[in-house]
Amino acid sequence: MSDTILILGACGQIGTELTQKLRSIYGADNVIASDIREGNAEMMSSGPFEIIDATNQEQILSVVQKYKVTQVYLMAAMLSATAEKYPLKGWDLNMTSLLAVLELAKEKHIQKIYWPSSMAAFGPTSPKMNTPQQTIMEPSTVYGISKVAGEHWCNYYHDKYGVDVRSIRYPGIISWKTLPGGGTTDYAVDIYFDALKKGTFECFLSENTRLPMMYMDDAINATIQLMQADEKSIQIRTSYNLAAISFTPAEIATEIKKYIPEFTITYNPDFRQAIADSWPQLIDDSAARKDWGWRHQFDLASMTKDIITNLQAKAEESAEV
Ligand code: VAH
């Protein structure tokens with residue numbers, strides 16, 4: 001039986017690009033996108049779309065049965081900065097949606113789940129450099145608490161009910177196609193847009209705040225690689241550490257100046273500085289590299305070149321219209 005995939009939260013920063021990549025691999029009709037509201041024109045015109053509240057198990061089951069879904073990618077979540085503003089809503093969205101899809105898998109309605117954790121699952125007492133796969137995890141954010149709890153729920157449903165749920169602890173994800181929303185690492189996306197539009201950027205983190213980051217192409221490839229890996233190769237059923245690059249706002253600004261010499265950056269740390277300070281600076285992802293062959297492709301230089309090249313091309317296209 002071929003795979004039919006349902007993406008919950010398909011209109012988010014990762015979901016938007018994950019949907020297009022999965023449609024190119026599995027065929028558009030076999031990848032059902034869904035979110036709480038409709039997506040952009042490309043999303044709506046490139047394959048099936050359903051309005052689903054990811055916390056509503058009955059709505060999810062109805063779509064699973066309608067399309068005979070075999071796999072669910074649960075990409076709906078409230079990210080770190082927003083969840084600090086709305087703690088109970090953040091907990092409810094992030095946990096209720098996960099337990100809903102885990103229950104559907106336990107009842108054999110679906111065969112496989114992808115659920116993203118985050119480096120936010122670590123906290124101020126976790127080792128900051130070469131953060132191990134197994135270590136102290138005492139997150140100080142609602143988002144991080146929901147991710148640690150979610151990891152243990154995934155491991156529980158795998159061990160107790162045989163649910164094939166797979167997970168990655170994403171670092172900060174950087175993209176140019178879709179603007180992120182509510183994340184602490186989002187400065188590393190906004191800086192490129194502002195550099196091209198305004199020639200300057202006010203950063204809400206201090207200049208030497210080092211954080212693990214990853215280009216969207218690498219994050220999408222890792223996600224699909226994990227889901228396509230032989231079940232026997234998956235040794236971690238909480239969530240895999242994943243890393244690629246690690247940089248500071250000052251370092252990304254220096255890279256941008258190679259393309260926009262007049263670019264300037266100012267620093268005005270806000271509440272998100274405390275969130276960033278609670279996270280690792282460099283993550284050890286040797287388990288993912290050993291178990292299922294993870295390798296990142298983009299470094300800061302190649303990512304910056306790709307983003308600026310694409311944003312400049314997009315600006316020229318819209319200028320011609
Ligand atoms: C956030 N981009 O900033 C997300 C991510 C580790 C960071 O989970 O909340």
# chains A, B, ... in the order shown; residues from 1 in each chain; ligands from 1

$ residues_near_ligand --ligand "ligand 1" --cutoff "9 Å" --atoms "only C-alpha atoms and all ligand atoms" --output "VMD selection string"
chain A and resid 78 to 83 116 to 121 143 to 144 169 to 174 180 to 187 211 to 213 275 to 276 279

$ residues_around --residues "Lys232 in chain A" --least-positions-apart "5" --cutoff "12 Å" --atoms "only C-alpha atoms" --output "number ranges by chain"
A: 164, 226, 237, 291-292

$ closest_residue --among "A:Tyr114, A:Phe247, A:Phe201, A:Tyr192" --to "Thr70 in chain A" --atoms "only C-alpha atoms"
A:Tyr114

$ atom_distance --atom1 "CA of Met44 in chain A" --atom2 "CA of Ile5 in chain A"
16.0 Å

$ closest_residue --among "A:Val165, A:Leu196, A:Val189, A:Ala222" --to "Lys21 in chain A" --atoms "only C-alpha atoms"
A:Ala222

$ residues_around --residues "Ser62 in chain A" --least-positions-apart "2" --cutoff "12 Å" --atoms "only C-alpha atoms" --output "PDB file with N, CA, C and O atoms, in the first residue's frame"
ATOM      1  N   LEU A   6      -0.686  12.994   5.928  1.00  0.00           N
ATOM      2  CA  LEU A   6      -1.437  14.169   6.402  1.00  0.00           C
ATOM      3  C   LEU A   6      -0.472  15.053   7.183  1.00  0.00           C
ATOM      4  O   LEU A   6       0.216  14.574   8.095  1.00  0.00           O
ATOM      5  N   GLU A  50      -7.258  20.533   3.886  1.00  0.00           N
ATOM      6  CA  GLU A  50      -8.389  20.428   4.816  1.00  0.00           C
ATOM      7  C   GLU A  50      -8.178  21.378   5.989  1.00  0.00           C
ATOM      8  O   GLU A  50      -7.045  21.557   6.445  1.00  0.00           O
ATOM      9  N   ILE A  51      -9.236  21.991   6.450  1.00  0.00           N
ATOM     10  CA  ILE A  51      -9.180  22.805   7.677  1.00  0.00           C
ATOM     11  C   ILE A  51      -9.294  21.845   8.864  1.00  0.00           C
ATOM     12  O   ILE A  51     -10.278  21.107   8.984  1.00  0.00           O
ATOM     13  N   ILE A  52      -8.264  21.792   9.702  1.00  0.00           N
ATOM     14  CA  ILE A  52      -8.266  20.916  10.886  1.00  0.00           C
ATOM     15  C   ILE A  52      -7.714  21.693  12.081  1.00  0.00           C
ATOM     16  O   ILE A  52      -6.664  22.342  11.975  1.00  0.00           O
ATOM     17  N   ASP A  53      -8.404  21.601  13.193  1.00  0.00           N
ATOM     18  CA  ASP A  53      -7.850  22.062  14.469  1.00  0.00           C
ATOM     19  C   ASP A  53      -7.030  20.889  15.005  1.00  0.00           C
ATOM     20  O   ASP A  53      -7.597  19.840  15.338  1.00  0.00           O
ATOM     21  N   ASN A  56      -8.100  18.664  17.814  1.00  0.00           N
ATOM     22  CA  ASN A  56      -9.412  17.982  17.737  1.00  0.00           C
ATOM     23  C   ASN A  56      -9.232  16.591  17.129  1.00  0.00           C
ATOM     24  O   ASN A  56      -9.135  16.445  15.903  1.00  0.00           O
ATOM     25  N   GLN A  57      -9.203  15.571  17.970  1.00  0.00           N
ATOM     26  CA  GLN A  57      -8.917  14.201  17.520  1.00  0.00           C
ATOM     27  C   GLN A  57      -9.958  13.701  16.530  1.00  0.00           C
ATOM     28  O   GLN A  57      -9.635  13.021  15.555  1.00  0.00           O
ATOM     29  N   GLU A  58     -11.229  14.086  16.738  1.00  0.00           N
ATOM     30  CA  GLU A  58     -12.289  13.623  15.826  1.00  0.00           C
ATOM     31  C   GLU A  58     -12.089  14.215  14.425  1.00  0.00           C
ATOM     32  O   GLU A  58     -12.249  13.517  13.412  1.00  0.00           O
ATOM     33  N   GLN A  59     -11.717  15.508  14.378  1.00  0.00           N
ATOM     34  CA  GLN A  59     -11.478  16.143  13.054  1.00  0.00           C
ATOM     35  C   GLN A  59     -10.321  15.446  12.347  1.00  0.00           C
ATOM     36  O   GLN A  59     -10.382  15.154  11.151  1.00  0.00           O
ATOM     37  N   ILE A  60      -9.272  15.128  13.090  1.00  0.00           N
ATOM     38  CA  ILE A  60      -8.107  14.470  12.479  1.00  0.00           C
ATOM     39  C   ILE A  60      -8.517  13.093  11.969  1.00  0.00           C
ATOM     40  O   ILE A  60      -8.253  12.737  10.815  1.00  0.00           O
ATOM     41  N   VAL A  64      -8.276  11.434   8.271  1.00  0.00           N
ATOM     42  CA  VAL A  64      -7.471  10.203   8.124  1.00  0.00           C
ATOM     43  C   VAL A  64      -8.289   9.138   7.395  1.00  0.00           C
ATOM     44  O   VAL A  64      -7.823   8.489   6.459  1.00  0.00           O
ATOM     45  N   GLN A  65      -9.560   8.996   7.799  1.00  0.00           N
ATOM     46  CA  GLN A  65     -10.423   7.978   7.176  1.00  0.00           C
ATOM     47  C   GLN A  65     -10.832   8.382   5.754  1.00  0.00           C
ATOM     48  O   GLN A  65     -10.879   7.543   4.851  1.00  0.00           O
ATOM     49  N   LYS A  66     -11.065   9.679   5.530  1.00  0.00           N
ATOM     50  CA  LYS A  66     -11.480  10.154   4.200  1.00  0.00           C
ATOM     51  C   LYS A  66     -10.429   9.844   3.138  1.00  0.00           C
ATOM     52  O   LYS A  66     -10.751   9.428   2.025  1.00  0.00           O
ATOM     53  N   TYR A  67      -9.134  10.033   3.506  1.00  0.00           N
ATOM     54  CA  TYR A  67      -8.057   9.860   2.502  1.00  0.00           C
ATOM     55  C   TYR A  67      -7.253   8.575   2.729  1.00  0.00           C
ATOM     56  O   TYR A  67      -6.281   8.350   2.052  1.00  0.00           O
ATOM     57  N   LYS A  68      -7.639   7.763   3.724  1.00  0.00           N
ATOM     58  CA  LYS A  68      -6.863   6.551   4.071  1.00  0.00           C
ATOM     59  C   LYS A  68      -5.392   6.905   4.358  1.00  0.00           C
ATOM     60  O   LYS A  68      -4.461   6.328   3.782  1.00  0.00           O
ATOM     61  N   VAL A  69      -5.229   7.844   5.261  1.00  0.00           N
ATOM     62  CA  VAL A  69      -3.902   8.355   5.626  1.00  0.00           C
ATOM     63  C   VAL A  69      -3.089   7.261   6.322  1.00  0.00           C
ATOM     64  O   VAL A  69      -3.623   6.527   7.162  1.00  0.00           O
ATOM     65  N   LEU A 104      -4.437   7.963  17.931  1.00  0.00           N
ATOM     66  CA  LEU A 104      -4.892   7.426  16.633  1.00  0.00           C
ATOM     67  C   LEU A 104      -3.952   6.320  16.144  1.00  0.00           C
ATOM     68  O   LEU A 104      -4.380   5.327  15.554  1.00  0.00           O
ATOM     69  N   HIS A 109      -5.195   3.568  13.501  1.00  0.00           N
ATOM     70  CA  HIS A 109      -5.766   4.353  12.391  1.00  0.00           C
ATOM     71  C   HIS A 109      -4.669   4.878  11.474  1.00  0.00           C
ATOM     72  O   HIS A 109      -4.908   5.175  10.301  1.00  0.00           O
TER      73      HIS A 109
END

$ closest_residue --among "A:Ala219, A:Ile283, A:Leu61, A:Ala10" --to "Arg37 in chain A" --atoms "only C-alpha atoms"
A:Ala10

$ closest_residue --among "A:Ile224, A:Leu300, A:Ile136, A:Ile14" --to "Thr254 in chain A" --atoms "only C-alpha atoms"
A:Leu300

$ residues_around --residues "range 313-320 of chain A" --least-positions-apart "3" --cutoff "12 Å" --atoms "only C-alpha atoms" --output "ChimeraX atom specification"
/A:176-177,193,196-197,306-310

$ residues_around --residues "Ala274 in chain A" --least-positions-apart "2" --cutoff "12 Å" --atoms "only C-alpha atoms" --output "number ranges by chain"
A: 80-81, 84, 123-124, 139-141, 184, 204-206, 209, 269-272, 276-279

$ closest_residue --among "A:Glu107, A:Val72, A:Val101, A:Asn241" --to "Asp285 in chain A" --atoms "only C-alpha atoms"
A:Asn241

$ closest_residue --among "A:Glu151, A:Glu262, A:Glu138, A:Asp217" --to "Lys198 in chain A" --atoms "only C-alpha atoms"
A:Glu262

$ residues_around --residues "Ala250 in chain A" --least-positions-apart "3" --cutoff "10 Å" --atoms "only C-alpha atoms" --output "list in words"
Cys203, Ser206, Glu207, Asn208, Thr209, Arg210, Phe247, Ala253, Thr254, Glu255, Ile256, Ile265, Thr266 and Tyr267 of chain A

$ select_by_dssp --residues "range 108-174 of chain A" --states "helix (DSSP H, G or I)" --output "list of chain:residue names"
A:Met119, A:Ala120, A:Ala121, A:Val142, A:Tyr143, A:Gly144, A:Ile145, A:Ser146, A:Lys147, A:Val148, A:Ala149, A:Gly150, A:Glu151, A:His152, A:Trp153, A:Cys154, A:Asn155, A:Tyr156, A:Tyr157, A:His158, A:Asp159, A:Lys160, A:Tyr161

$ residues_around --residues "Trp115 in chain A" --least-positions-apart "3" --cutoff "10 Å" --atoms "only C-alpha atoms" --output "PyMOL selection string"
chain A and resi 72-76+98+101-102+147+150-151+154+165-169+223+239

$ select_by_dssp --residues "range 20-264 of chain A" --states "strand (DSSP E)" --output "PyMOL selection string"
chain A and resi 31-35+49-51+71-74+112-114+117-118+164-166+168-170+172-174+200-203+211-215+240-241+245-247+264

$ write_last_selection --atoms "N, CA and C atoms" --output "compact mmCIF listing (two decimals), in the first residue's frame"
# COMPACT_ATOMS: atom_id res chain seq x y z
N VAL A 31 -0.50 13.74 -0.52
CA VAL A 31 -0.06 14.57 0.62
C VAL A 31 -1.14 15.60 0.90
N ILE A 32 -1.88 15.34 2.00
CA ILE A 32 -2.98 16.22 2.37
C ILE A 32 -2.45 17.26 3.36
N ALA A 33 -2.53 18.53 2.97
CA ALA A 33 -2.10 19.61 3.86
C ALA A 33 -3.29 20.03 4.70
N SER A 34 -3.03 20.48 5.92
CA SER A 34 -4.13 20.96 6.77
C SER A 34 -3.61 22.00 7.74
N ASP A 35 -4.50 22.89 8.12
CA ASP A 35 -4.17 23.87 9.15
C ASP A 35 -5.48 24.46 9.69
N PHE A 49 -6.31 20.03 0.50
CA PHE A 49 -6.17 20.82 1.74
C PHE A 49 -7.44 20.66 2.58
N GLU A 50 -7.26 20.53 3.89
CA GLU A 50 -8.39 20.43 4.82
C GLU A 50 -8.18 21.38 5.99
N ILE A 51 -9.24 21.99 6.45
CA ILE A 51 -9.18 22.80 7.68
C ILE A 51 -9.29 21.84 8.86
N GLN A 71 0.44 8.11 7.25
CA GLN A 71 1.44 8.80 8.07
C GLN A 71 0.96 10.21 8.41
N VAL A 72 1.25 10.67 9.62
CA VAL A 72 0.93 12.04 10.03
C VAL A 72 2.21 12.78 10.44
N TYR A 73 2.41 13.96 9.86
CA TYR A 73 3.48 14.87 10.30
C TYR A 73 2.78 15.96 11.12
N LEU A 74 3.05 16.01 12.41
CA LEU A 74 2.40 16.99 13.29
C LEU A 74 3.31 18.22 13.43
N LYS A 112 2.44 5.66 11.13
CA LYS A 112 3.71 6.30 11.49
C LYS A 112 3.45 7.79 11.75
N ILE A 113 4.19 8.34 12.73
CA ILE A 113 4.05 9.76 13.11
C ILE A 113 5.41 10.44 13.10
N TYR A 114 5.43 11.67 12.58
CA TYR A 114 6.59 12.54 12.82
C TYR A 114 6.15 13.68 13.75
N SER A 117 10.55 17.84 18.10
CA SER A 117 10.91 18.45 19.37
C SER A 117 11.84 19.62 19.03
N SER A 118 12.63 20.07 20.00
CA SER A 118 13.41 21.28 19.77
C SER A 118 14.58 21.34 20.74
N ASP A 164 5.00 3.72 16.02
CA ASP A 164 6.20 4.14 15.30
C ASP A 164 6.19 5.67 15.16
N VAL A 165 6.59 6.34 16.23
CA VAL A 165 6.66 7.82 16.24
C VAL A 165 8.13 8.21 16.25
N ARG A 166 8.49 9.17 15.38
CA ARG A 166 9.89 9.57 15.22
C ARG A 166 9.99 11.08 15.42
N ILE A 168 12.74 14.75 15.98
CA ILE A 168 14.02 15.47 15.89
C ILE A 168 13.93 16.70 16.78
N ARG A 169 15.03 16.98 17.51
CA ARG A 169 15.13 18.24 18.26
C ARG A 169 15.71 19.28 17.30
N TYR A 170 14.83 20.03 16.66
CA TYR A 170 15.29 21.05 15.71
C TYR A 170 16.07 22.15 16.44
N GLY A 172 17.40 26.25 15.68
CA GLY A 172 16.70 27.34 15.01
C GLY A 172 16.69 27.06 13.50
N ILE A 173 15.54 27.23 12.87
CA ILE A 173 15.42 26.92 11.43
C ILE A 173 15.33 28.23 10.65
N ILE A 174 16.14 28.33 9.61
CA ILE A 174 16.21 29.57 8.84
C ILE A 174 15.71 29.35 7.43
N THR A 200 19.33 47.84 7.24
CA THR A 200 19.70 47.82 8.66
C THR A 200 18.76 46.87 9.42
N PHE A 201 19.21 46.42 10.59
CA PHE A 201 18.39 45.48 11.37
C PHE A 201 18.62 45.72 12.85
N GLU A 202 17.50 45.79 13.60
CA GLU A 202 17.61 45.89 15.05
C GLU A 202 17.39 44.50 15.63
N CYS A 203 18.40 43.94 16.25
CA CYS A 203 18.37 42.55 16.72
C CYS A 203 17.89 42.46 18.18
N LEU A 211 23.81 30.46 19.01
CA LEU A 211 22.73 29.47 19.01
C LEU A 211 22.91 28.47 17.87
N PRO A 212 22.54 27.22 18.10
CA PRO A 212 22.53 26.22 17.03
C PRO A 212 21.44 26.55 16.02
N MET A 213 21.80 26.50 14.75
CA MET A 213 20.87 26.86 13.68
C MET A 213 20.98 25.86 12.52
N MET A 214 20.00 25.93 11.60
CA MET A 214 20.00 25.01 10.45
C MET A 214 19.22 25.64 9.33
N TYR A 215 19.69 25.49 8.10
CA TYR A 215 18.97 25.98 6.94
C TYR A 215 17.75 25.07 6.70
N TYR A 240 15.75 12.87 18.47
CA TYR A 240 17.17 12.95 18.11
C TYR A 240 17.69 14.39 18.15
N ASN A 241 18.86 14.57 18.80
CA ASN A 241 19.59 15.84 18.61
C ASN A 241 19.92 15.99 17.14
N ILE A 245 24.83 24.26 11.95
CA ILE A 245 25.70 25.42 12.14
C ILE A 245 25.39 26.07 13.49
N SER A 246 26.31 26.88 13.95
CA SER A 246 26.11 27.57 15.23
C SER A 246 26.75 28.94 15.09
N PHE A 247 25.95 30.01 15.24
CA PHE A 247 26.52 31.34 15.03
C PHE A 247 25.86 32.38 15.93
N THR A 264 23.92 47.67 8.24
CA THR A 264 24.29 47.93 9.65
C THR A 264 23.34 47.16 10.57
